[in-house]
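What follows is entry28.pdb (PDB, C-alpha atoms and all ligand atoms).
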```
ATOM      1  CA  MET A  27      23.547   2.979  18.906
ATOM      2  CA  THR A  28      20.510   4.263  16.996
ATOM      3  CA  HIS A  29      18.548   2.026  14.639
ATOM      4  CA  SER A  30      19.617   4.236  11.758
ATOM      5  CA  ALA A  31      23.230   3.601  12.673
ATOM      6  CA  THR A  32      22.790  -0.199  12.735
ATOM      7  CA  GLY A  33      20.926  -0.072   9.426
ATOM      8  CA  VAL A  34      18.075  -2.214  10.781
ATOM      9  CA  ILE A  35      14.711  -1.277   9.295
ATOM     10  CA  ARG A  36      12.092  -2.010  11.931
ATOM     11  CA  LYS A  37       8.963  -0.185  10.815
ATOM     12  CA  ALA A  38       6.712  -0.472   7.786
ATOM     13  CA  VAL A  39       3.961   1.978   6.904
ATOM     14  CA  ILE A  40       0.959   0.538   5.054
ATOM     15  CA  PRO A  41      -1.461   3.198   3.755
ATOM     16  CA  VAL A  42      -5.046   1.897   3.747
ATOM     17  CA  ALA A  43      -7.163   5.046   3.949
ATOM     18  CA  GLY A  44      -8.264   5.151   0.295
ATOM     19  CA  PHE A  45     -11.815   4.734  -0.982
ATOM     20  CA  GLY A  46     -10.983   1.877  -3.384
ATOM     21  CA  THR A  47     -12.973   3.575  -6.146
ATOM     22  CA  ARG A  48     -11.758   1.186  -8.850
ATOM     23  CA  MET A  49     -13.665  -1.621  -7.128
ATOM     24  CA  LEU A  50     -16.989   0.132  -6.452
ATOM     25  CA  PRO A  51     -19.697  -0.739  -5.573
ATOM     26  CA  LEU A  52     -18.095  -3.589  -3.576
ATOM     27  CA  THR A  53     -15.765  -1.200  -1.722
ATOM     28  CA  LYS A  54     -18.592   1.077  -0.609
ATOM     29  CA  ALA A  55     -18.935  -1.073   2.519
ATOM     30  CA  LEU A  56     -15.966  -3.473   2.377
ATOM     31  CA  PRO A  57     -12.439  -1.990   2.431
ATOM     32  CA  LYS A  58     -10.574  -3.221  -0.650
ATOM     33  CA  GLU A  59      -7.775  -4.390   1.631
ATOM     34  CA  MET A  60     -10.233  -6.906   3.122
ATOM     35  CA  MET A  61     -11.053  -8.470  -0.255
ATOM     36  CA  PRO A  62      -9.957 -12.100  -0.154
ATOM     37  CA  ILE A  63      -7.254 -13.737  -2.195
ATOM     38  CA  CYS A  64      -8.108 -17.376  -1.498
ATOM     39  CA  ASN A  65      -8.746 -17.450   2.269
ATOM     40  CA  LYS A  66      -6.695 -14.396   3.280
ATOM     41  CA  PRO A  67      -7.506 -10.710   2.819
ATOM     42  CA  ILE A  68      -5.181  -8.532   0.734
ATOM     43  CA  ILE A  69      -3.900  -6.726   3.844
ATOM     44  CA  GLN A  70      -2.634 -10.015   5.291
ATOM     45  CA  TYR A  71      -0.308 -10.539   2.332
ATOM     46  CA  ALA A  72       1.241  -7.123   3.023
ATOM     47  CA  VAL A  73       1.593  -7.690   6.784
ATOM     48  CA  GLU A  74       3.041 -11.178   6.234
ATOM     49  CA  GLU A  75       5.558  -9.735   3.770
ATOM     50  CA  ALA A  76       6.596  -7.166   6.383
ATOM     51  CA  ALA A  77       6.966  -9.822   9.096
ATOM     52  CA  ALA A  78       8.908 -12.172   6.793
ATOM     53  CA  SER A  79      11.275  -9.288   6.014
ATOM     54  CA  GLY A  80      12.076  -8.709   9.701
ATOM     55  CA  ILE A  81       9.774  -5.724  10.290
ATOM     56  CA  GLU A  82       8.750  -5.410  13.962
ATOM     57  CA  GLU A  83       6.019  -2.784  13.719
ATOM     58  CA  VAL A  84       3.455  -2.050  11.044
ATOM     59  CA  ILE A  85       1.835   1.373  11.045
ATOM     60  CA  LEU A  86      -1.524   1.339   9.262
ATOM     61  CA  ILE A  87      -2.583   4.733   7.930
ATOM     62  CA  THR A  88      -6.315   4.331   8.027
ATOM     63  CA  ARG A  89      -9.588   6.203   8.352
ATOM     64  CA  ALA A  90     -12.490   6.070  10.786
ATOM     65  CA  ASP A  91     -14.807   3.712   8.882
ATOM     66  CA  LYS A  92     -12.094   1.147   8.170
ATOM     67  CA  SER A  93     -11.665  -0.151  11.736
ATOM     68  CA  ILE A  94     -12.309  -3.700  10.476
ATOM     69  CA  LEU A  95      -8.683  -3.669   9.303
ATOM     70  CA  GLU A  96      -7.439  -3.130  12.854
ATOM     71  CA  SER A  97      -9.880  -5.685  14.309
ATOM     72  CA  TYR A  98      -8.632  -8.350  11.932
ATOM     73  CA  PHE A  99      -5.238  -8.476  13.663
ATOM     74  CA  VAL A 100      -6.524  -8.226  17.255
ATOM     75  CA  PRO A 101      -6.971 -11.481  19.273
ATOM     76  CA  ASN A 102     -10.547 -12.833  19.439
ATOM     77  CA  PRO A 103     -10.734 -14.795  22.744
ATOM     78  CA  ASP A 104     -14.304 -16.096  22.138
ATOM     79  CA  LEU A 105     -13.393 -17.541  18.758
ATOM     80  CA  GLU A 106     -10.161 -19.006  20.125
ATOM     81  CA  ARG A 107     -12.017 -20.692  23.028
ATOM     82  CA  PHE A 108     -14.627 -22.068  20.596
ATOM     83  CA  LEU A 109     -11.944 -23.621  18.396
ATOM     84  CA  GLU A 110      -9.923 -24.846  21.389
ATOM     85  CA  ASP A 111     -12.953 -26.587  22.968
ATOM     86  CA  ARG A 112     -13.534 -28.459  19.723
ATOM     87  CA  GLY A 113      -9.889 -29.417  19.194
ATOM     88  CA  ARG A 114      -9.724 -27.444  15.927
ATOM     89  CA  GLU A 115      -5.940 -26.955  16.222
ATOM     90  CA  GLN A 116      -5.280 -25.979  12.611
ATOM     91  CA  GLU A 117      -7.883 -23.198  12.535
ATOM     92  CA  LEU A 118      -6.798 -22.062  16.006
ATOM     93  CA  ARG A 119      -3.244 -21.626  14.728
ATOM     94  CA  LEU A 120      -4.424 -19.614  11.712
ATOM     95  CA  VAL A 121      -6.362 -17.258  13.977
ATOM     96  CA  ARG A 122      -3.645 -16.930  16.635
ATOM     97  CA  ASP A 123      -0.861 -16.386  14.089
ATOM     98  CA  LEU A 124      -2.605 -13.218  12.913
ATOM     99  CA  SER A 125      -2.088 -11.390  16.194
ATOM    100  CA  SER A 126       1.509 -12.541  16.643
ATOM    101  CA  LEU A 127       2.902 -11.563  13.217
ATOM    102  CA  VAL A 128       4.063  -8.038  14.122
ATOM    103  CA  ARG A 129       3.043  -5.185  16.397
ATOM    104  CA  ILE A 130       0.368  -3.132  14.634
ATOM    105  CA  SER A 131      -0.393   0.490  15.359
ATOM    106  CA  THR A 132      -2.763   2.785  13.522
ATOM    107  CA  VAL A 133      -2.806   6.439  12.589
ATOM    108  CA  ARG A 134      -5.877   8.138  11.149
ATOM    109  CA  GLN A 135      -5.606  10.209   7.968
ATOM    110  CA  PRO A 136      -8.453  12.752   8.275
ATOM    111  CA  SER A 137      -9.198  12.826   4.537
ATOM    112  CA  PRO A 138      -7.715  10.905   1.606
ATOM    113  CA  ARG A 139      -5.369  13.466   0.059
ATOM    114  CA  GLY A 140      -2.945  11.143  -1.690
ATOM    115  CA  LEU A 141      -0.152   8.748  -0.778
ATOM    116  CA  GLY A 142       2.240  11.570   0.119
ATOM    117  CA  ASP A 143      -0.233  13.068   2.573
ATOM    118  CA  ALA A 144      -0.946   9.627   4.099
ATOM    119  CA  LEU A 145       2.760   9.170   4.830
ATOM    120  CA  ARG A 146       3.001  12.583   6.492
ATOM    121  CA  TRP A 147       0.573  11.334   9.137
ATOM    122  CA  ALA A 148       3.058   8.563  10.004
ATOM    123  CA  ARG A 149       5.860  10.991  10.881
ATOM    124  CA  SER A 150       5.747  10.779  14.668
ATOM    125  CA  ALA A 151       5.084   7.011  14.663
ATOM    126  CA  VAL A 152       8.096   6.468  12.389
ATOM    127  CA  GLY A 153      10.474   8.821  14.237
ATOM    128  CA  ASP A 154      14.028   9.362  13.079
ATOM    129  CA  GLU A 155      14.721   6.080  11.280
ATOM    130  CA  THR A 156      14.622   4.587   7.805
ATOM    131  CA  PHE A 157      11.273   2.887   7.239
ATOM    132  CA  ALA A 158       9.542   0.728   4.661
ATOM    133  CA  VAL A 159       6.325   1.463   2.777
ATOM    134  CA  ILE A 160       4.099  -1.266   1.363
ATOM    135  CA  LEU A 161       1.178  -0.416  -0.916
ATOM    136  CA  PRO A 162      -1.086  -3.404  -0.320
ATOM    137  CA  ASP A 163      -2.755  -3.226  -3.776
ATOM    138  CA  ALA A 164       0.576  -4.266  -5.237
ATOM    139  CA  VAL A 165       0.557  -7.945  -4.320
ATOM    140  CA  ILE A 166       3.931  -9.461  -5.153
ATOM    141  CA  ASP A 167       4.703 -13.155  -4.877
ATOM    142  CA  ALA A 168       8.462 -13.227  -4.336
ATOM    143  CA  HIS A 169      10.996 -15.351  -2.457
ATOM    144  CA  PRO A 170      12.638 -13.669  -0.612
ATOM    145  CA  PRO A 171       9.906 -11.021  -0.247
ATOM    146  CA  VAL A 172      10.446  -7.791  -2.199
ATOM    147  CA  LEU A 173      10.934  -5.821   1.006
ATOM    148  CA  ALA A 174      13.745  -8.187   2.052
ATOM    149  CA  GLN A 175      15.303  -7.836  -1.436
ATOM    150  CA  LEU A 176      15.233  -4.029  -1.018
ATOM    151  CA  MET A 177      16.755  -4.263   2.464
ATOM    152  CA  ALA A 178      19.665  -6.339   1.138
ATOM    153  CA  ALA A 179      20.315  -3.654  -1.488
ATOM    154  CA  TYR A 180      19.941  -0.876   1.112
ATOM    155  CA  HIS A 181      22.769  -2.376   3.146
ATOM    156  CA  LEU A 182      25.061  -2.008   0.134
ATOM    157  CA  HIS A 183      23.930   1.534  -0.687
ATOM    158  CA  PRO A 184      22.116   3.345   2.148
ATOM    159  CA  GLY A 185      19.641   5.873   0.728
ATOM    160  CA  CYS A 186      16.029   5.846  -0.351
ATOM    161  CA  TRP A 187      14.960   2.859  -2.462
ATOM    162  CA  VAL A 188      12.073   1.945  -4.731
ATOM    163  CA  ALA A 189      11.190  -1.440  -6.205
ATOM    164  CA  THR A 190      11.051  -1.441  -9.989
ATOM    165  CA  GLN A 191      10.310  -3.602 -13.011
ATOM    166  CA  PRO A 192       9.836  -2.742 -16.674
ATOM    167  CA  VAL A 193       6.331  -1.594 -17.669
ATOM    168  CA  GLU A 194       4.629  -2.049 -21.052
ATOM    169  CA  PRO A 195       4.399   1.293 -22.952
ATOM    170  CA  ALA A 196       0.593   1.156 -22.800
ATOM    171  CA  ASP A 197       0.676   0.893 -18.983
ATOM    172  CA  VAL A 198       3.016   3.763 -18.025
ATOM    173  CA  SER A 199       0.063   5.995 -17.111
ATOM    174  CA  ARG A 200      -0.702   3.644 -14.185
ATOM    175  CA  PHE A 201       2.714   3.989 -12.499
ATOM    176  CA  GLY A 202       5.300   6.349 -11.124
ATOM    177  CA  MET A 203       8.002   6.173 -13.837
ATOM    178  CA  LEU A 204      11.758   6.519 -13.346
ATOM    179  CA  GLU A 205      14.749   8.007 -15.118
ATOM    180  CA  VAL A 206      17.684   5.770 -14.190
ATOM    181  CA  THR A 207      21.345   4.976 -14.741
ATOM    182  CA  SER A 208      22.823   1.541 -13.971
ATOM    183  CA  VAL A 209      24.890   0.931 -10.833
ATOM    184  CA  GLU A 210      27.242  -2.037 -11.166
ATOM    185  CA  ASN A 211      27.085  -4.482  -8.305
ATOM    186  CA  ALA A 212      28.160  -8.127  -8.257
ATOM    187  CA  SER A 213      25.326  -9.178  -5.907
ATOM    188  CA  PHE A 214      22.608  -7.722  -8.143
ATOM    189  CA  PRO A 215      24.023  -7.788 -11.676
ATOM    190  CA  GLY A 216      22.064  -5.487 -13.994
ATOM    191  CA  ARG A 217      19.425  -4.848 -11.321
ATOM    192  CA  LEU A 218      20.583  -1.726  -9.432
ATOM    193  CA  PHE A 219      19.932   1.805 -10.656
ATOM    194  CA  ARG A 220      20.444   5.349  -9.468
ATOM    195  CA  VAL A 221      17.301   7.426 -10.009
ATOM    196  CA  SER A 222      17.758  10.918 -11.474
ATOM    197  CA  SER A 223      14.107  11.847 -11.895
ATOM    198  CA  MET A 224      10.639  10.489 -11.399
ATOM    199  CA  ILE A 225       7.227  11.337 -12.785
ATOM    200  CA  GLU A 226       3.811  10.201 -11.588
ATOM    201  CA  LYS A 227       1.634   8.458 -14.184
ATOM    202  CA  PRO A 228       2.939  10.085 -17.386
ATOM    203  CA  ARG A 229       1.082   9.828 -20.672
ATOM    204  CA  THR A 230       2.129   7.089 -23.094
ATOM    205  CA  GLY A 231       5.300   8.227 -24.833
ATOM    206  CA  GLU A 232       6.250  10.666 -22.064
ATOM    207  CA  ALA A 233       7.910   8.279 -19.587
ATOM    208  CA  PRO A 234      11.666   8.842 -19.068
ATOM    209  CA  SER A 235      12.292   5.040 -19.254
ATOM    210  CA  ASN A 236      10.249   1.840 -19.111
ATOM    211  CA  TYR A 237      11.005   1.336 -15.401
ATOM    212  CA  GLY A 238       7.989   1.799 -13.118
ATOM    213  CA  VAL A 239       7.591   1.875  -9.337
ATOM    214  CA  PHE A 240       5.838  -1.151  -7.869
ATOM    215  CA  GLY A 241       4.455  -0.333  -4.417
ATOM    216  CA  ARG A 242       7.518  -0.962  -2.216
ATOM    217  CA  TYR A 243       9.793   1.771  -0.848
ATOM    218  CA  LEU A 244      12.522   2.240   1.754
ATOM    219  CA  LEU A 245      12.515   5.853   2.859
ATOM    220  CA  ARG A 246      14.913   7.822   4.995
ATOM    221  CA  PRO A 247      13.232  10.118   7.540
ATOM    222  CA  GLU A 248      14.344  13.249   5.640
ATOM    223  CA  ILE A 249      11.607  12.394   3.134
ATOM    224  CA  PHE A 250       9.065  13.941   5.526
ATOM    225  CA  ASP A 251      10.533  17.417   4.896
ATOM    226  CA  PHE A 252      10.166  16.854   1.152
ATOM    227  CA  LEU A 253       6.575  15.658   1.639
ATOM    228  CA  ASP A 254       5.828  18.807   3.656
ATOM    229  CA  SER A 255       7.006  21.043   0.843
ATOM    230  CA  ALA A 256       5.463  19.019  -2.033
ATOM    231  CA  GLN A 257       2.713  20.844  -3.948
ATOM    232  CA  ALA A 258      -0.687  19.214  -4.311
ATOM    233  CA  ASP A 259      -1.445  17.928  -7.824
ATOM    234  CA  ALA A 260      -4.457  18.853  -9.979
ATOM    235  CA  LYS A 261      -6.674  16.524  -7.908
ATOM    236  CA  GLY A 262      -5.540  18.157  -4.642
ATOM    237  CA  GLU A 263      -3.388  15.148  -3.732
ATOM    238  CA  ILE A 264       0.169  15.111  -2.408
ATOM    239  CA  GLN A 265       2.211  12.535  -4.331
ATOM    240  CA  LEU A 266       5.136  10.604  -2.852
ATOM    241  CA  THR A 267       6.566  10.574  -6.395
ATOM    242  CA  ASP A 268       6.850  14.393  -6.382
ATOM    243  CA  ALA A 269       8.648  14.375  -3.006
ATOM    244  CA  LEU A 270      11.041  11.665  -4.250
ATOM    245  CA  ALA A 271      11.649  13.604  -7.477
ATOM    246  CA  GLU A 272      12.889  16.527  -5.338
ATOM    247  CA  TYR A 273      14.751  14.239  -2.926
ATOM    248  CA  CYS A 274      16.775  12.577  -5.702
ATOM    249  CA  GLN A 275      18.164  15.989  -6.754
ATOM    250  CA  ARG A 276      19.826  16.280  -3.346
ATOM    251  CA  ALA A 277      20.441  12.768  -2.002
ATOM    252  CA  PRO A 278      20.757   9.251  -3.394
ATOM    253  CA  LEU A 279      17.592   7.498  -4.535
ATOM    254  CA  TYR A 280      18.071   3.996  -5.897
ATOM    255  CA  ALA A 281      15.873   1.457  -7.638
ATOM    256  CA  LEU A 282      16.147  -2.320  -7.459
ATOM    257  CA  ARG A 283      14.701  -4.432 -10.225
ATOM    258  CA  PHE A 284      13.091  -7.012  -7.976
ATOM    259  CA  GLU A 285      12.472 -10.681  -8.681
ATOM    260  CA  GLY A 286       8.856 -11.772  -8.292
ATOM    261  CA  MET A 287       5.387 -11.704  -9.828
ATOM    262  CA  HIS A 288       3.411  -8.481  -9.371
ATOM    263  CA  TYR A 289      -0.354  -8.052  -9.562
ATOM    264  CA  ASP A 290      -2.420  -4.886  -9.160
ATOM    265  CA  ALA A 291      -5.085  -6.338  -6.873
ATOM    266  CA  GLY A 292      -6.851  -2.959  -6.816
ATOM    267  CA  ASP A 293      -8.418  -3.412 -10.242
ATOM    268  CA  ARG A 294     -10.788  -6.074 -11.502
ATOM    269  CA  SER A 295      -8.454  -7.759 -13.941
ATOM    270  CA  GLY A 296      -5.429  -7.778 -11.609
ATOM    271  CA  TYR A 297      -7.613  -9.030  -8.762
ATOM    272  CA  LEU A 298      -8.860 -11.963 -10.823
ATOM    273  CA  GLN A 299      -5.309 -12.791 -11.909
ATOM    274  CA  VAL A 300      -3.841 -12.702  -8.403
ATOM    275  CA  MET A 301      -6.686 -14.892  -7.153
ATOM    276  CA  LEU A 302      -5.894 -17.465  -9.863
ATOM    277  CA  HIS A 303      -2.146 -17.212  -9.190
ATOM    278  CA  PHE A 304      -2.523 -18.132  -5.524
ATOM    279  CA  ALA A 305      -5.340 -20.634  -6.116
ATOM    280  CA  LEU A 306      -3.171 -22.537  -8.613
ATOM    281  CA  LYS A 307      -0.355 -22.668  -6.010
ATOM    282  CA  ASP A 308      -2.675 -23.928  -3.264
ATOM    283  CA  ALA A 309      -2.461 -27.652  -2.497
ATOM    284  CA  GLU A 310      -6.247 -28.096  -2.279
ATOM    285  CA  LEU A 311      -7.519 -25.455  -4.698
ATOM    286  CA  GLY A 312      -4.914 -25.930  -7.438
ATOM    287  CA  ALA A 313      -6.289 -29.205  -8.843
ATOM    288  CA  ALA A 314      -9.876 -27.899  -8.794
ATOM    289  CA  VAL A 315      -8.904 -24.719 -10.666
ATOM    290  CA  HIS A 316      -6.904 -26.692 -13.253
ATOM    291  CA  ARG A 317      -9.929 -28.970 -13.832
ATOM    292  CA  LEU A 318     -12.261 -25.982 -14.204
ATOM    293  CA  LEU A 319      -9.922 -24.189 -16.633
ATOM    294  CA  ALA A 320      -9.588 -27.365 -18.710
ATOM    295  CA  THR A 321     -13.388 -27.731 -18.808
ATOM    296  CA  LEU A 322     -13.956 -24.092 -19.731
ATOM    297  CA  GLY A 323     -11.175 -24.271 -22.349
ATOM    298  CA  SER A 324     -12.714 -27.306 -24.059
ATOM    299  CA  ASN A 325     -16.158 -25.690 -24.375
TER     300      ASN A 325
HETATM  301  C1  LIG B 401       0.864   4.442  -6.473
HETATM  302  C2  LIG B 401       2.057   5.368  -6.700
HETATM  303  C3  LIG B 401       2.713   5.069  -8.056
HETATM  304  C4  LIG B 401       3.087   3.585  -8.129
HETATM  305  C5  LIG B 401       1.805   2.767  -7.952
HETATM  306  C6  LIG B 401       2.049   1.251  -8.039
HETATM  307  O1  LIG B 401      -0.164   4.802  -7.356
HETATM  308  O2  LIG B 401       1.638   6.714  -6.608
HETATM  309  O3  LIG B 401       3.854   5.873  -8.217
HETATM  310  O4  LIG B 401       3.710   3.289  -9.360
HETATM  311  O5  LIG B 401       1.217   3.069  -6.671
HETATM  312  O6  LIG B 401       2.673   0.750  -6.948
HETATM  313  P1  LIG B 401      -1.679   4.250  -7.149
HETATM  314  O7  LIG B 401      -1.745   2.966  -7.919
HETATM  315  O8  LIG B 401      -1.893   4.051  -5.687
HETATM  316  O9  LIG B 401      -2.547   5.298  -7.735
END
```
Produce structure tokens that represent the structure in this file.
Amino acid sequence: MTHSATGVIRKAVIPVAGFGTRMLPLTKALPKEMMPICNKPIIQYAVEEAAASGIEEVILITRADKSILESYFVPNPDLERFLEDRGREQELRLVRDLSSLVRISTVRQPSPRGLGDALRWARSAVGDETFAVILPDAVIDAHPPVLAQLMAAYHLHPGCWVATQPVEPADVSRFGMLEVTSVENASFPGRLFRVSSMIEKPRTGEAPSNYGVFGRYLLRPEIFDFLDSAQADAKGEIQLTDALAEYCQRAPLYALRFEGMHYDAGDRSGYLQVMLHFALKDAELGAAVHRLLATLGSN
């Protein structure tokens, strides 16, 4: 039986070939996906979410000068021996766990021409099966992980899926925005929608609803044909949103209102907030951050 027939989603594509322009100058030399949130880089949150959702293989869509992202997940025997010799078991586990999370393969995108173009480069690595997409900027603290929430919904209604939440009117120009109708389902009351159209980053007042797309997708392999025929936008980029807008005219595209806290770690304010979110949850850091905030607040 094929993987498509069993409904198991084994592969996740994580596009990481962008220039991270919102975080310049820092991202001139350091990929934004390597920026730390507490002691882990942003990319690790995405890969851990994939692994915790049952994904077996992560396909990184990268570019030549971002090889540090691949190296991060490859075993480092010298470091492991160093830690082993000194009995540093805890650190050894942290380092070893990185290379055992999931199988990681990489595909190079020759030039950053948008999310839709990045995905096209994953076509042969994905093959003929439904796959997940994680945009690592969208860091989402959720239990179960958002990808696992989407997979549960996918098993009820096979099709393409996007993760959604309501967006403030002032923020619609930062998201792909959806036109939706409710789908009743006892397992996800009030949280499932059928998508009838989609528009990338509309102007305030021009969004078809207040539901935005939050960096998690389940895509059927037919999406590649829609990506191939999508027109480049004014910036010369191919948008996944445009391919999905065509797709949903011909086949079912659904949205799940996920449960969890989302942060846009790709901009300065979201990055600061996600850092605080995870620091406050950390057993060691939490108390120190609370003390600092109390001190700053009383000044
Ligand atoms: C991408 C997508 C957009 C989505 C957003 C947040 O935009 O194109 O539809 O809403 O991620 O996940 P980006 O923020 O990469 O420009």
Practice prompt. Identify which of the residues A:Thr267, A:Ser125, A:Gln70, A:Thr156 lies closest to ligand LIG 401 (chain B), counting all atoms listed in the file when measuring atom-to-atom distances.
Written response: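 So, comparing all the options, the nearest one is A:Thr267.
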Discussion item. Residue by residue, what does the PyMOL selection byres (((chain A and resi 164) around 7) and not hetatm) grab here? Present the result as an MDAnalysis selection string.
Written reply: chainID A and resid 161:163 165:166 240:241 288:291
Give me the residues of region 204-252 of chain A that have any atom at most 10 Å from an atom of region 172-178 of chain A; for each, the nearest atom pair and the distance in Å, rounded to one decimal. Use only C-alpha atoms, sort by chain and number, and format it as CSV.
```
residue,atom,partner,partner_atom,distance
A:Ser213,CA,A:Ala178,CA,9.5
A:Phe214,CA,A:Ala178,CA,9.8
A:Phe240,CA,A:Val172,CA,9.9
A:Gly241,CA,A:Val172,CA,9.8
A:Arg242,CA,A:Leu173,CA,6.8
A:Tyr243,CA,A:Leu173,CA,7.9
A:Leu244,CA,A:Leu176,CA,7.4
```
Practice prompt. Apply the PyMOL selection byres (((chain A and resi 198) around 9) and not hetatm) to the file shown and report the selected residues as a list in words.
Written response: Val193, Glu194, Pro195, Ala196, Asp197, Ser199, Arg200, Phe201, Gly202, Met203, Lys227, Pro228, Arg229, Thr230, Gly231, Glu232, Ala233, Asn236, Tyr237 and Gly238 of chain A
Item to complete: Using CA of Lys54 (chain A) and CA of Ala258 (chain A) as the two end points, give the distance in Å to one decimal.
Response: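 Spanning CA of Lys54 (chain A) to CA of Ala258 (chain A) is a straight-line distance of 25.8 Å.
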Discussion item. From the options A:Pro247, A:Pro171, A:Pro103, A:Pro278, which residue's atoms come nearest to Val121 (chain A), counting all atoms listed in the file?
Written reply: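 With all atoms listed in the file as the atom set, the closest residue is A:Pro103.
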Worksheet item: Pick from A:Ala55, A:Val34, A:Met287, A:Ile94: nearest to Glu155 (chain A), with all atoms listed in the file counted?
Response: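 Checking each of A:Ala55, A:Val34, A:Met287, A:Ile94 against Glu155 (chain A), counting all atoms listed in the file, the winner is A:Val34.
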Worksheet item: From the list A:Asp154, A:Glu210, A:Asp293, A:Glu285, which residue is nearest ligand LIG 401 (chain B) when using all atoms listed in the file?
Response: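 For ligand LIG 401 (chain B), the nearest of the given residues is A:Asp293.
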Discussion item. What would the selection look like, as a PyMOL selection string, if the PyMOL selection byres (((chain A and resi 106) around 10) and not hetatm) were run on the coordinates I just shared?
Written reply: chain A and resi 101-105+107-111+114-115+117-119+121-122
Worksheet item: Near Val73 (chain A), within 8 Å and counting only C-alpha atoms, which residues show up once chain neighbours fewer than 2 positions away are dropped, as a PyMOL selection string?
Response: chain A and resi 69-71+75-77+84+127-128
Discussion item. So that I can check the surroundings of region 142-149 of chain A, please list as a VMD selection string every protein, DNA and RNA residue that reaches within 9 Å of it, counting only C-alpha atoms and ignoring chain neighbours fewer than 5 positions away.
Written reply: chain A and resid 39 to 43 85 to 88 132 to 135 137 154 159 247 250 253 to 254 256 263 to 269
Item to complete: Kindly indicate which residue among A:Ala260, A:Cys64, A:Val209, A:Leu204 lies nearest to Gly140 (chain A), using all atoms listed in the file for the distances.
Response: A:Ala260
Worksheet item: So how many Å separate atom O8 of ligand LIG 401 (chain B) and CA of Ile160 (chain A), to one decimal?
Response: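 Those two atoms sit 10.7 Å apart.
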Can you report as JSON the centre and edge lengths in Å, to one decimal, of an axis-aligned box around the listed atoms of ligand LIG 401 (chain B) padded with 5 Å on each side?
```
{"center_x": 0.7, "center_y": 3.7, "center_z": -7.5, "size_x": 16.4, "size_y": 16.0, "size_z": 13.7}
```
Discussion item. Residues within 9 Å of (-15.7, -0.7, 3.0), file coordinates, counting only C-alpha atoms: what are they? Give the list as a PyMOL selection string.
Written reply: chain A and resi 45-46+52-60+91-92+94
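Candidate residues A:Ser295, A:Ser208, A:Thr47, A:Asn65 were compared for distance to ligand LIG 401 (chain B), and the nearest is A:Thr47, using all atoms listed in the file.
Atom pair CA of Ile249 (chain A) / CA of Thr207 (chain A): separated by 21.7 Å.
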